[in-house]
file start22.txt (compact mmCIF, C-alpha atoms)
# COMPACT_ATOMS: atom_id res chain seq x y z
CA MET A 1 18.17 6.97 -3.30
CA PHE A 2 15.05 8.86 -4.24
CA VAL A 3 14.44 10.63 -0.99
CA GLN A 4 14.42 14.20 -2.28
CA ARG A 5 11.97 13.26 -5.01
CA ASP A 6 9.77 11.59 -2.39
CA ILE A 7 9.78 14.81 -0.39
CA ASP A 8 8.97 16.85 -3.50
CA GLY A 9 6.10 14.43 -4.04
CA ILE A 10 4.81 15.01 -0.51
CA ASN A 11 4.85 18.71 -1.30
CA VAL A 12 2.46 18.28 -4.25
CA ALA A 13 0.43 15.19 -3.33
CA SER A 14 -3.30 15.73 -3.04
CA ALA A 15 -4.59 15.34 0.49
CA GLY A 16 -5.87 11.91 1.46
CA GLU A 17 -4.80 8.61 0.03
CA VAL A 18 -2.22 9.91 -2.45
CA LEU A 19 -0.43 11.77 0.32
CA LEU A 20 -0.55 8.66 2.54
CA ARG A 21 1.02 6.46 -0.16
CA GLN A 22 3.63 9.09 -1.01
CA PHE A 23 4.55 9.26 2.68
CA CYS A 24 4.84 5.45 2.73
CA GLN A 25 7.15 5.61 -0.29
CA LEU A 26 9.41 8.07 1.57
CA ASN A 27 9.52 5.72 4.57
CA ASP A 28 10.36 2.74 2.36
CA ASP A 29 13.20 4.63 0.71
CA LEU A 30 14.60 5.89 4.01
CA ALA A 31 14.49 2.33 5.38
CA ALA A 32 16.50 1.10 2.40
CA LEU A 33 19.41 3.44 3.17
CA SER A 34 22.50 2.35 5.06
CA ASP A 35 23.46 4.43 8.10
CA GLY A 36 26.16 6.14 6.06
CA GLU A 37 23.78 6.98 3.24
CA LEU A 38 21.23 8.38 5.68
CA VAL A 39 23.82 10.68 7.25
CA ALA A 40 25.19 11.68 3.85
CA LEU A 41 21.75 12.88 2.76
CA GLY A 42 22.04 15.88 5.03
CA LYS A 43 19.14 18.28 5.29
CA PRO A 44 16.74 17.86 2.38
CA VAL A 45 14.81 20.65 0.70
CA LEU A 46 11.66 20.63 2.81
CA PRO A 47 8.05 21.29 1.80
CA SER A 48 7.01 24.89 2.26
CA ASP A 49 3.83 23.83 4.04
CA ARG A 50 4.42 23.32 7.74
CA ASP A 51 2.21 20.22 8.13
CA ARG A 52 3.89 18.48 5.23
CA ALA A 53 7.32 19.51 6.50
CA ALA A 54 6.32 17.94 9.83
CA LEU A 55 5.57 14.67 8.02
CA VAL A 56 9.06 14.68 6.52
CA GLY A 57 10.54 15.49 9.93
CA ALA A 58 8.61 12.58 11.44
CA ALA A 59 9.88 10.17 8.78
CA PHE A 60 13.51 11.19 9.31
CA SER A 61 13.21 11.21 13.11
CA TYR A 62 11.76 7.70 13.08
CA ARG A 63 14.51 6.41 10.81
CA TYR A 64 17.26 8.00 12.92
CA ALA A 65 15.72 6.47 16.05
CA GLU A 66 15.71 3.06 14.39
CA THR A 67 19.35 3.31 13.39
CA LYS A 68 20.42 4.59 16.85
CA LEU A 69 22.33 7.37 15.14
CA THR A 70 22.34 10.80 16.76
CA PRO A 71 19.68 12.82 14.95
CA PRO A 72 20.96 15.88 13.12
CA ALA A 73 20.26 19.34 14.52
CA TRP A 74 17.94 20.31 11.67
CA LEU A 75 15.36 17.82 12.97
CA ASN A 76 14.92 20.05 16.03
CA ASP A 77 13.70 22.95 13.91
CA PRO A 78 10.33 24.17 15.30
CA GLY A 79 9.23 24.50 11.66
CA LEU A 80 9.03 20.71 11.60
CA ILE A 81 6.26 20.63 14.18
CA ALA A 82 2.75 20.74 12.75
CA ASP A 83 0.49 23.49 14.06
CA GLU A 84 -2.22 20.96 14.78
CA LEU A 85 -2.14 17.20 15.12
CA VAL A 86 -1.70 15.53 11.71
CA CYS A 87 -3.09 12.05 11.12
CA LEU A 88 -3.13 10.71 7.57
CA VAL A 89 -5.90 8.21 8.33
CA PRO A 90 -8.25 10.06 10.70
CA SER A 91 -10.75 7.21 10.86
CA PHE A 92 -8.16 5.15 12.78
CA GLN A 93 -6.74 7.99 14.87
CA HIS A 94 -7.84 6.34 18.14
CA LEU A 95 -5.85 3.21 17.25
CA ILE A 96 -2.88 5.00 15.69
CA GLU A 97 -2.27 7.45 18.54
CA PRO A 98 -1.16 4.90 21.19
CA GLU A 99 1.03 3.16 18.60
CA THR A 100 2.83 6.33 17.51
CA PRO A 101 6.48 6.45 18.61
CA ALA A 102 7.45 9.45 20.76
CA VAL A 103 9.98 10.66 18.18
CA VAL A 104 7.16 10.92 15.66
CA ARG A 105 4.63 12.42 18.06
CA ARG A 106 6.98 15.29 18.85
CA HIS A 107 6.41 16.53 15.28
CA ASN A 108 2.67 16.56 16.07
CA VAL A 109 2.26 13.68 13.65
CA LEU A 110 0.39 10.43 14.31
CA PHE A 111 1.60 7.33 12.47
CA ASP A 112 1.92 3.87 13.98
CA ALA A 113 5.38 2.33 14.18
CA ALA A 114 4.45 -0.78 12.19
CA SER A 115 3.34 1.33 9.22
CA PHE A 116 6.84 2.79 8.88
CA GLU A 117 8.00 -0.65 7.84
CA SER A 118 7.93 -1.78 4.25
CA VAL A 119 6.79 -5.40 4.60
CA MET B 120 -9.79 -8.72 -17.60
CA CYS B 121 -7.14 -10.64 -19.51
CA CYS B 122 -5.73 -8.81 -22.51
CA SER B 123 -4.23 -11.12 -25.07
CA THR B 124 -4.11 -8.43 -27.74
CA LEU B 125 -2.01 -5.56 -26.56
CA ARG B 126 -1.85 -2.04 -27.77
CA PRO B 127 1.41 -0.59 -29.02
CA LEU B 128 3.66 1.25 -26.63
CA ARG B 129 2.26 4.36 -25.04
CA VAL B 130 4.68 6.72 -23.45
CA SER B 131 3.56 9.03 -20.68
CA GLU B 132 3.07 12.60 -21.67
CA GLY B 133 2.48 15.73 -19.72
CA ALA B 134 4.28 17.81 -17.17
CA TYR B 135 6.89 16.33 -14.86
CA SER B 136 5.51 15.22 -11.52
CA PRO B 137 7.66 14.19 -8.59
CA LEU B 138 4.89 11.91 -7.28
CA ARG B 139 5.95 8.31 -6.76
CA VAL B 140 2.45 6.99 -6.44
CA LEU B 141 0.61 5.10 -9.17
CA SER B 142 -3.10 4.92 -9.91
CA SER B 143 -4.60 1.62 -11.03
CA ASP B 144 -4.76 2.94 -14.60
CA GLN B 145 -1.06 3.80 -14.55
CA LEU B 146 -0.27 0.38 -13.12
CA LYS B 147 -2.21 -1.30 -15.91
CA VAL B 148 -0.35 0.65 -18.59
CA LEU B 149 3.04 -0.23 -17.11
CA LEU B 150 2.30 -3.92 -16.60
CA GLU B 151 0.67 -4.26 -20.00
CA GLU B 152 3.70 -2.72 -21.70
CA PHE B 153 6.04 -4.86 -19.65
CA ALA B 154 4.20 -8.04 -20.65
CA PHE B 155 4.11 -7.00 -24.29
CA ARG B 156 7.78 -6.11 -24.57
CA LEU B 157 9.04 -9.14 -22.69
CA GLY B 158 6.71 -11.42 -24.61
CA GLU B 159 8.08 -10.04 -27.88
CA THR B 160 11.59 -11.15 -26.91
CA GLY B 161 10.39 -14.75 -26.68
CA GLU B 162 11.22 -15.08 -22.98
CA ARG B 163 8.96 -16.98 -20.58
CA LEU B 164 7.78 -15.43 -17.33
CA GLN B 165 5.10 -16.31 -14.80
CA CYS B 166 4.64 -13.38 -12.48
CA VAL B 167 2.22 -12.67 -9.59
CA VAL B 168 1.54 -9.08 -8.53
CA VAL B 169 1.13 -8.72 -4.74
CA GLY B 170 0.77 -5.93 -2.18
CA GLY B 171 -0.88 -2.57 -2.75
CA ALA B 172 -0.61 -2.89 -6.53
CA ALA B 173 -2.62 -6.12 -6.46
CA LEU B 174 -5.32 -4.40 -4.42
CA ALA B 175 -5.45 -1.44 -6.79
CA LEU B 176 -5.77 -3.80 -9.76
CA THR B 177 -8.61 -5.83 -8.26
CA VAL B 178 -10.53 -5.17 -5.07
CA ILE B 179 -9.95 -1.40 -4.65
CA PRO B 180 -9.65 0.20 -8.11
CA ASP B 181 -9.58 3.73 -6.73
CA ARG B 182 -6.65 2.91 -4.45
CA HIS B 183 -3.20 4.25 -5.29
CA ALA B 184 -0.04 2.22 -4.83
CA THR B 185 3.54 3.18 -4.20
CA GLU B 186 5.81 3.11 -7.24
CA ASP B 187 7.47 0.04 -5.76
CA VAL B 188 5.45 -2.79 -7.34
CA ASP B 189 6.01 -6.15 -5.65
CA VAL B 190 5.79 -9.39 -7.58
CA PHE B 191 6.43 -13.04 -6.85
CA ALA B 192 8.73 -13.95 -9.74
CA GLN B 193 12.32 -14.44 -10.73
CA LEU B 194 13.01 -11.54 -13.06
CA THR B 195 15.55 -12.34 -15.76
CA PRO B 196 18.17 -9.79 -16.85
CA LYS B 197 16.10 -9.11 -19.99
CA ALA B 198 13.02 -8.48 -17.84
CA GLU B 199 14.98 -6.12 -15.59
CA GLU B 200 16.23 -4.27 -18.65
CA ILE B 201 12.66 -3.71 -19.83
CA VAL B 202 11.59 -2.61 -16.34
CA ALA B 203 14.39 -0.04 -16.35
CA ALA B 204 13.49 1.20 -19.84
CA LEU B 205 9.85 1.66 -18.82
CA ALA B 206 10.97 3.61 -15.75
CA LYS B 207 12.84 6.03 -17.95
CA GLU B 208 10.00 6.47 -20.42
CA HIS B 209 7.35 6.89 -17.74
CA ASN B 210 9.36 9.17 -15.48
CA LEU B 211 9.58 6.68 -12.63
CA ALA B 212 12.42 7.35 -10.21
CA ASP B 213 13.33 3.75 -9.52
CA PRO B 214 14.68 1.67 -12.43
CA LYS B 215 13.71 -1.39 -10.37
CA TRP B 216 10.11 -0.32 -9.76
CA LEU B 217 8.99 -3.89 -10.49
CA ASN B 218 10.81 -6.16 -8.07
CA SER B 219 10.60 -9.36 -6.09
CA LYS B 220 11.64 -8.02 -2.68
CA ALA B 221 8.37 -9.27 -1.14
CA GLN B 222 9.13 -12.84 -2.18
CA ALA B 223 10.45 -13.56 1.31
CA PHE B 224 6.96 -13.07 2.73
CA MET B 225 5.32 -15.78 0.67
CA SER B 226 3.71 -18.45 2.77
CA PRO B 227 6.32 -21.18 3.25
CA VAL B 228 3.63 -23.74 3.96
CA ALA B 229 1.08 -22.96 1.28
CA PRO B 230 2.81 -22.38 -2.01
CA ILE B 231 0.67 -20.43 -4.43
CA ASN B 232 -0.88 -22.40 -7.23
CA GLU B 233 -0.41 -19.82 -9.95
CA GLN B 234 -2.87 -21.52 -12.25
CA ASP B 235 -5.67 -20.64 -9.81
CA LEU B 236 -4.97 -16.91 -9.89
CA GLY B 237 -6.58 -14.37 -12.17
CA VAL B 238 -4.59 -13.32 -15.23
CA ILE B 239 -4.48 -9.59 -15.87
CA PHE B 240 -2.12 -9.51 -18.84
CA GLU B 241 -0.49 -12.07 -21.04
CA HIS B 242 1.45 -11.92 -24.23
CA ARG B 243 3.03 -14.99 -25.78
CA ASP B 244 4.85 -16.76 -22.92
CA VAL B 245 4.57 -13.93 -20.43
CA VAL B 246 1.70 -14.20 -17.96
CA ILE B 247 0.99 -11.65 -15.25
CA ARG B 248 -1.39 -12.71 -12.50
CA VAL B 249 -2.68 -11.03 -9.35
CA LEU B 250 -2.60 -12.58 -5.90
CA ASP B 251 -6.08 -13.61 -4.74
CA ALA B 252 -8.01 -11.65 -2.15
CA ASN B 253 -7.79 -14.38 0.51
CA SER B 254 -4.00 -14.39 0.38
CA LEU B 255 -3.83 -10.60 0.37
CA PHE B 256 -6.09 -10.54 3.42
CA ALA B 257 -3.86 -13.05 5.22
CA LEU B 258 -0.74 -11.01 4.45
CA LYS B 259 -2.37 -7.83 5.77
CA CYS B 260 -3.53 -9.59 8.95
CA ARG B 261 0.03 -10.75 9.55
CA ALA B 262 1.50 -7.28 8.98
CA GLY B 263 -0.93 -5.51 11.34
CA ARG B 264 -0.13 -1.99 10.18
CA ILE B 265 -2.87 0.48 11.03
CA SER B 266 -2.13 3.56 8.90
CA LYS B 267 -0.82 1.64 5.95
CA ASP B 268 -3.21 -1.30 5.80
CA GLY B 269 -6.26 -0.42 7.89
CA ASN B 270 -8.56 0.56 5.04
CA ASP B 271 -7.23 -2.31 2.89
CA LEU B 272 -8.17 -4.78 5.62
CA LEU B 273 -11.71 -3.45 5.78
CA ALA B 274 -12.11 -3.48 2.01
CA LEU B 275 -10.83 -7.05 1.78
CA ALA B 276 -13.04 -8.22 4.64
CA ASP B 277 -16.09 -6.73 2.92
CA PHE B 278 -15.09 -8.13 -0.45
CA LEU B 279 -14.61 -11.61 1.00
CA GLU B 280 -17.80 -11.32 3.08
CA ILE B 281 -15.85 -11.96 6.28
CA THR B 282 -18.02 -10.86 9.20
CA THR B 283 -16.33 -12.33 12.28
CA ILE B 284 -12.83 -12.60 13.71
CA GLU B 285 -13.17 -16.39 13.57
CA GLU B 286 -13.77 -16.25 9.83
CA ALA B 287 -10.80 -13.92 9.45
CA LYS B 288 -8.58 -16.37 11.36
CA LEU B 289 -9.75 -19.21 9.14
CA VAL B 290 -8.64 -17.28 6.06
CA MET B 291 -5.28 -16.61 7.69
CA ASP B 292 -4.86 -20.25 8.64
CA GLY B 293 -5.70 -21.24 5.09
CA TYR B 294 -2.74 -19.23 3.87
CA TYR B 295 -0.22 -19.76 6.66
CA ALA B 296 -1.47 -23.15 7.90
CA GLY B 297 -1.41 -21.91 11.48
CA GLU B 298 2.23 -20.83 11.30
CA GLU B 299 1.43 -17.13 11.73
CA VAL B 300 -1.00 -15.30 14.01
CA MET B 301 -3.08 -12.21 13.41
CA LYS B 302 -1.39 -9.08 14.76
CA PRO B 303 -3.29 -7.40 17.63
CA ASN B 304 -3.77 -4.22 15.60
CA ALA B 305 -5.33 -6.12 12.71
CA HIS B 306 -7.58 -7.84 15.25
CA ARG B 307 -8.66 -4.48 16.71
CA ILE B 308 -9.38 -2.93 13.30
CA LEU B 309 -11.47 -5.89 12.19
CA ALA B 310 -13.27 -6.34 15.53
CA GLU B 311 -14.38 -2.69 15.49
CA HIS B 312 -15.50 -3.00 11.88
CA PHE B 313 -17.53 -6.15 12.43
CA GLU B 314 -19.12 -4.69 15.54
CA SER B 315 -20.06 -1.44 13.83
CA ALA B 316 -21.44 -3.28 10.79
CA LEU B 317 -23.59 -5.41 13.06
CA THR B 318 -24.85 -2.40 15.01
CA SER B 319 -25.57 -0.48 11.86
CA ASP B 320 -27.39 -3.42 10.29
CA SER B 321 -29.49 -3.97 13.40
CA ALA B 322 -30.46 -0.29 13.49
CA GLU B 323 -31.46 -0.41 9.84
CA VAL B 324 -33.62 -3.45 10.38
CA GLU B 325 -35.35 -1.86 13.36
CA GLN B 326 -36.00 1.36 11.44
CA ASP B 327 -37.50 -0.40 8.44
CA ALA B 328 -39.96 -2.97 9.73
CA THR B 329 -41.42 -3.38 6.27
CA ARG B 330 -38.22 -4.88 4.91
CA PRO B 331 -39.18 -8.45 4.00
CA ASP B 332 -35.92 -10.28 4.75
CA SER B 333 -33.59 -9.01 7.43
CA ASN B 334 -30.84 -11.35 6.22
CA GLN B 335 -30.73 -9.31 3.04
CA VAL B 336 -29.09 -6.48 4.95
CA LEU B 337 -26.27 -8.70 6.12
CA LYS B 338 -25.77 -10.07 2.64
CA GLN B 339 -25.22 -6.60 1.24
CA ARG B 340 -21.97 -6.33 3.11
CA GLY B 341 -20.45 -8.78 0.70
CA SER B 342 -19.93 -6.38 -2.14
CA TYR B 343 -17.26 -3.84 -1.41
CA LYS B 344 -18.08 -0.30 -2.36
CA PRO B 345 -15.18 2.14 -2.29
CA ARG B 346 -15.41 4.45 0.68
CA PRO B 347 -15.11 8.16 0.15
CA THR B 348 -11.47 9.10 0.22
CA ASP B 349 -10.29 9.69 3.71
CA PRO B 350 -9.63 13.40 3.68
CA GLY B 351 -6.52 13.23 5.83
CA LEU B 352 -4.79 16.58 5.72
CA SER B 353 -7.21 19.16 4.44
CA LEU B 354 -4.63 21.34 2.78
call {"tool": "encode", "arguments": {"input": "start22.txt", "output": "structure tokens"}}
result
Amino acid sequence: MFVQRDIDGINVASAGEVLLRQFCQLNDDLAALSDGELVALGKPVLPSDRDRAALVGAAFSYRYAETKLTPPAWLNDPGLIADELVCLVPSFQHLIEPETPAVVRRHNVLFDAASFESV
Amino acid sequence: MCCSTLRPLRVSEGAYSPLRVLSSDQLKVLLEEFAFRLGETGERLQCVVVGGAALALTVIPDRHATEDVDVFAQLTPKAEEIVAALAKEHNLADPKWLNSKAQAFMSPVAPINEQDLGVIFEHRDVVIRVLDANSLFALKCRAGRISKDGNDLLALADFLEITTIEEAKLVMDGYYAGEEVMKPNAHRILAEHFESALTSDSAEVEQDATRPDSNQVLKQRGSYKPRPTDPGLSL
């Protein structure tokens, strides 16, 4: 519903907690979509920054994996892989890393599977 | 914290922002206006704010919350109309930003006694309360989300002066009456925190032999002080 605005928000969110919550809002909104709505979204306008684009890629890849739909080709874009490992809560990196799904990790993003869920 | 006299409507000003994250000040403005407008219609509503918004309004004032504000309440059509109007005026994307989707996660065995909860806003027959810290802690222990809830868990544990896993489980049992267990990730986060607090306290006591009462150090953990913002991405 509000996915593109969520992504625009990720593009401008200040680093740290605001970015974490904005990323959570994107995940909540993606989770609320039906399979058909998710596919109909197509490729969104991505953040210009590579690390933030990787976050968006991770969110979409996780949601596609959950729905069992075939992920779209745009999610394989190397531009959606962060240059260095991105973890939004570095103080818990050691706990988050083993709980990060492979489809998320391939974007060089660390985020535990449970935190993708709304409640 | 209760505001029985409310200010007139304030509409957000400033440049458009796509952010869908609210500060505690923004939350207060929205909820205050909601209570005022609904109260003016003569409708009755008892509403309890839960989740991240409740934390931002109480225990962690510098925390931000997603635009999706969860409440335990049955919103009437008039209430939903006001929620939608506020969304438009405050540039919120979702006309249902205030919603009761989290209602399903209320404890089935320990119904909340609303009269015991703190009131943040009220106007006429509209009362907005915030879920208590014990219940919020229990909900976070059940969810066991590291990235999303890790820092909230630590802040709540400090605020509630919980210093052991056993104490944490007691709080959870008080809310769920033993029907739910603490998720392993919540257990890990808290265990590490308690251990590090103990180590740090012991080191402090050893360094300062002149301190008159070593128990004083442990007592200080009770008052939560906001941690410096986790830098996350340094962009």
call {"tool": "atom_distance", "arguments": {"input": "start22.txt", "atom1": "atom CA of Pro101 of chain A", "atom2": "atom CA of Gly269 of chain B"}}
result
18.0 Å
call {"tool": "interface_residues", "arguments": {"input": "start22.txt", "of": "chain A", "to": "chain B", "cutoff": "8 Å", "atoms": "all atoms listed in the file", "output": "PyMOL selection string"}}
result
chain A and resi 2+5-6+8-10+12-13+15-18+20-22+24-25+86-92+95-96+111-112+114-115+119
call {"tool": "residues_around", "arguments": {"input": "start22.txt", "residues": "Ala82 of chain A", "least_positions_apart": "2", "cutoff": "8 Å", "atoms": "all atoms listed in the file", "output": "PDB file with C-alpha atoms, in the frame of the given file"}}
result
ATOM      1  CA  ARG A  50       4.420  23.320   7.740  1.00  0.00           C
ATOM      2  CA  ASP A  51       2.210  20.220   8.130  1.00  0.00           C
ATOM      3  CA  ARG A  52       3.890  18.480   5.230  1.00  0.00           C
ATOM      4  CA  ALA A  53       7.320  19.510   6.500  1.00  0.00           C
ATOM      5  CA  ALA A  54       6.320  17.940   9.830  1.00  0.00           C
ATOM      6  CA  GLY A  79       9.230  24.500  11.660  1.00  0.00           C
ATOM      7  CA  LEU A  80       9.030  20.710  11.600  1.00  0.00           C
ATOM      8  CA  GLU A  84      -2.220  20.960  14.780  1.00  0.00           C
ATOM      9  CA  LEU A  85      -2.140  17.200  15.120  1.00  0.00           C
ATOM     10  CA  VAL A  86      -1.700  15.530  11.710  1.00  0.00           C
ATOM     11  CA  HIS A 107       6.410  16.530  15.280  1.00  0.00           C
ATOM     12  CA  ASN A 108       2.670  16.560  16.070  1.00  0.00           C
ATOM     13  CA  VAL A 109       2.260  13.680  13.650  1.00  0.00           C
TER      14      VAL A 109
END
call {"tool": "residues_near_point", "arguments": {"input": "start22.txt", "point": "(-1.4, -11.5, -16.9)", "cutoff": "9 Å", "atoms": "all atoms listed in the file", "output": "PyMOL selection string"}}
result
chain B and resi 120-123+150-151+154+165-167+237-242+245-249
call {"tool": "build_atoms", "arguments": {"input": "start22.txt", "residues": "segment 52-65 of chain A", "atoms": "N, CA and C atoms", "output": "PDB file, in the frame of the given file"}}
result
ATOM      1  N   ARG A  52       3.188  19.455   6.078  1.00  0.00           N
ATOM      2  CA  ARG A  52       3.890  18.480   5.230  1.00  0.00           C
ATOM      3  C   ARG A  52       5.370  18.397   5.609  1.00  0.00           C
ATOM      4  N   ALA A  53       5.939  19.528   6.011  1.00  0.00           N
ATOM      5  CA  ALA A  53       7.320  19.510   6.500  1.00  0.00           C
ATOM      6  C   ALA A  53       7.405  18.659   7.781  1.00  0.00           C
ATOM      7  N   ALA A  54       6.356  18.742   8.592  1.00  0.00           N
ATOM      8  CA  ALA A  54       6.320  17.940   9.830  1.00  0.00           C
ATOM      9  C   ALA A  54       6.295  16.444   9.498  1.00  0.00           C
ATOM     10  N   LEU A  55       5.585  16.073   8.442  1.00  0.00           N
ATOM     11  CA  LEU A  55       5.570  14.670   8.020  1.00  0.00           C
ATOM     12  C   LEU A  55       6.980  14.204   7.651  1.00  0.00           C
ATOM     13  N   VAL A  56       7.686  15.029   6.909  1.00  0.00           N
ATOM     14  CA  VAL A  56       9.060  14.680   6.520  1.00  0.00           C
ATOM     15  C   VAL A  56       9.936  14.573   7.768  1.00  0.00           C
ATOM     16  N   GLY A  57       9.776  15.539   8.672  1.00  0.00           N
ATOM     17  CA  GLY A  57      10.540  15.490   9.930  1.00  0.00           C
ATOM     18  C   GLY A  57      10.263  14.203  10.691  1.00  0.00           C
ATOM     19  N   ALA A  58       8.989  13.800  10.724  1.00  0.00           N
ATOM     20  CA  ALA A  58       8.610  12.580  11.440  1.00  0.00           C
ATOM     21  C   ALA A  58       9.264  11.356  10.809  1.00  0.00           C
ATOM     22  N   ALA A  59       9.281  11.314   9.486  1.00  0.00           N
ATOM     23  CA  ALA A  59       9.880  10.170   8.780  1.00  0.00           C
ATOM     24  C   ALA A  59      11.374  10.067   9.079  1.00  0.00           C
ATOM     25  N   PHE A  60      12.064  11.197   9.027  1.00  0.00           N
ATOM     26  CA  PHE A  60      13.510  11.190   9.310  1.00  0.00           C
ATOM     27  C   PHE A  60      13.771  10.863  10.791  1.00  0.00           C
ATOM     28  N   SER A  61      12.987  11.461  11.679  1.00  0.00           N
ATOM     29  CA  SER A  61      13.210  11.210  13.110  1.00  0.00           C
ATOM     30  C   SER A  61      13.023   9.740  13.434  1.00  0.00           C
ATOM     31  N   TYR A  62      11.989   9.126  12.829  1.00  0.00           N
ATOM     32  CA  TYR A  62      11.760   7.700  13.080  1.00  0.00           C
ATOM     33  C   TYR A  62      12.953   6.889  12.575  1.00  0.00           C
ATOM     34  N   ARG A  63      13.415   7.196  11.391  1.00  0.00           N
ATOM     35  CA  ARG A  63      14.510   6.410  10.810  1.00  0.00           C
ATOM     36  C   ARG A  63      15.791   6.566  11.628  1.00  0.00           C
ATOM     37  N   TYR A  64      16.070   7.797  12.068  1.00  0.00           N
ATOM     38  CA  TYR A  64      17.260   8.000  12.920  1.00  0.00           C
ATOM     39  C   TYR A  64      17.130   7.217  14.226  1.00  0.00           C
ATOM     40  N   ALA A  65      15.935   7.211  14.798  1.00  0.00           N
ATOM     41  CA  ALA A  65      15.720   6.470  16.050  1.00  0.00           C
ATOM     42  C   ALA A  65      15.952   4.974  15.836  1.00  0.00           C
TER      43      ALA A  65
END
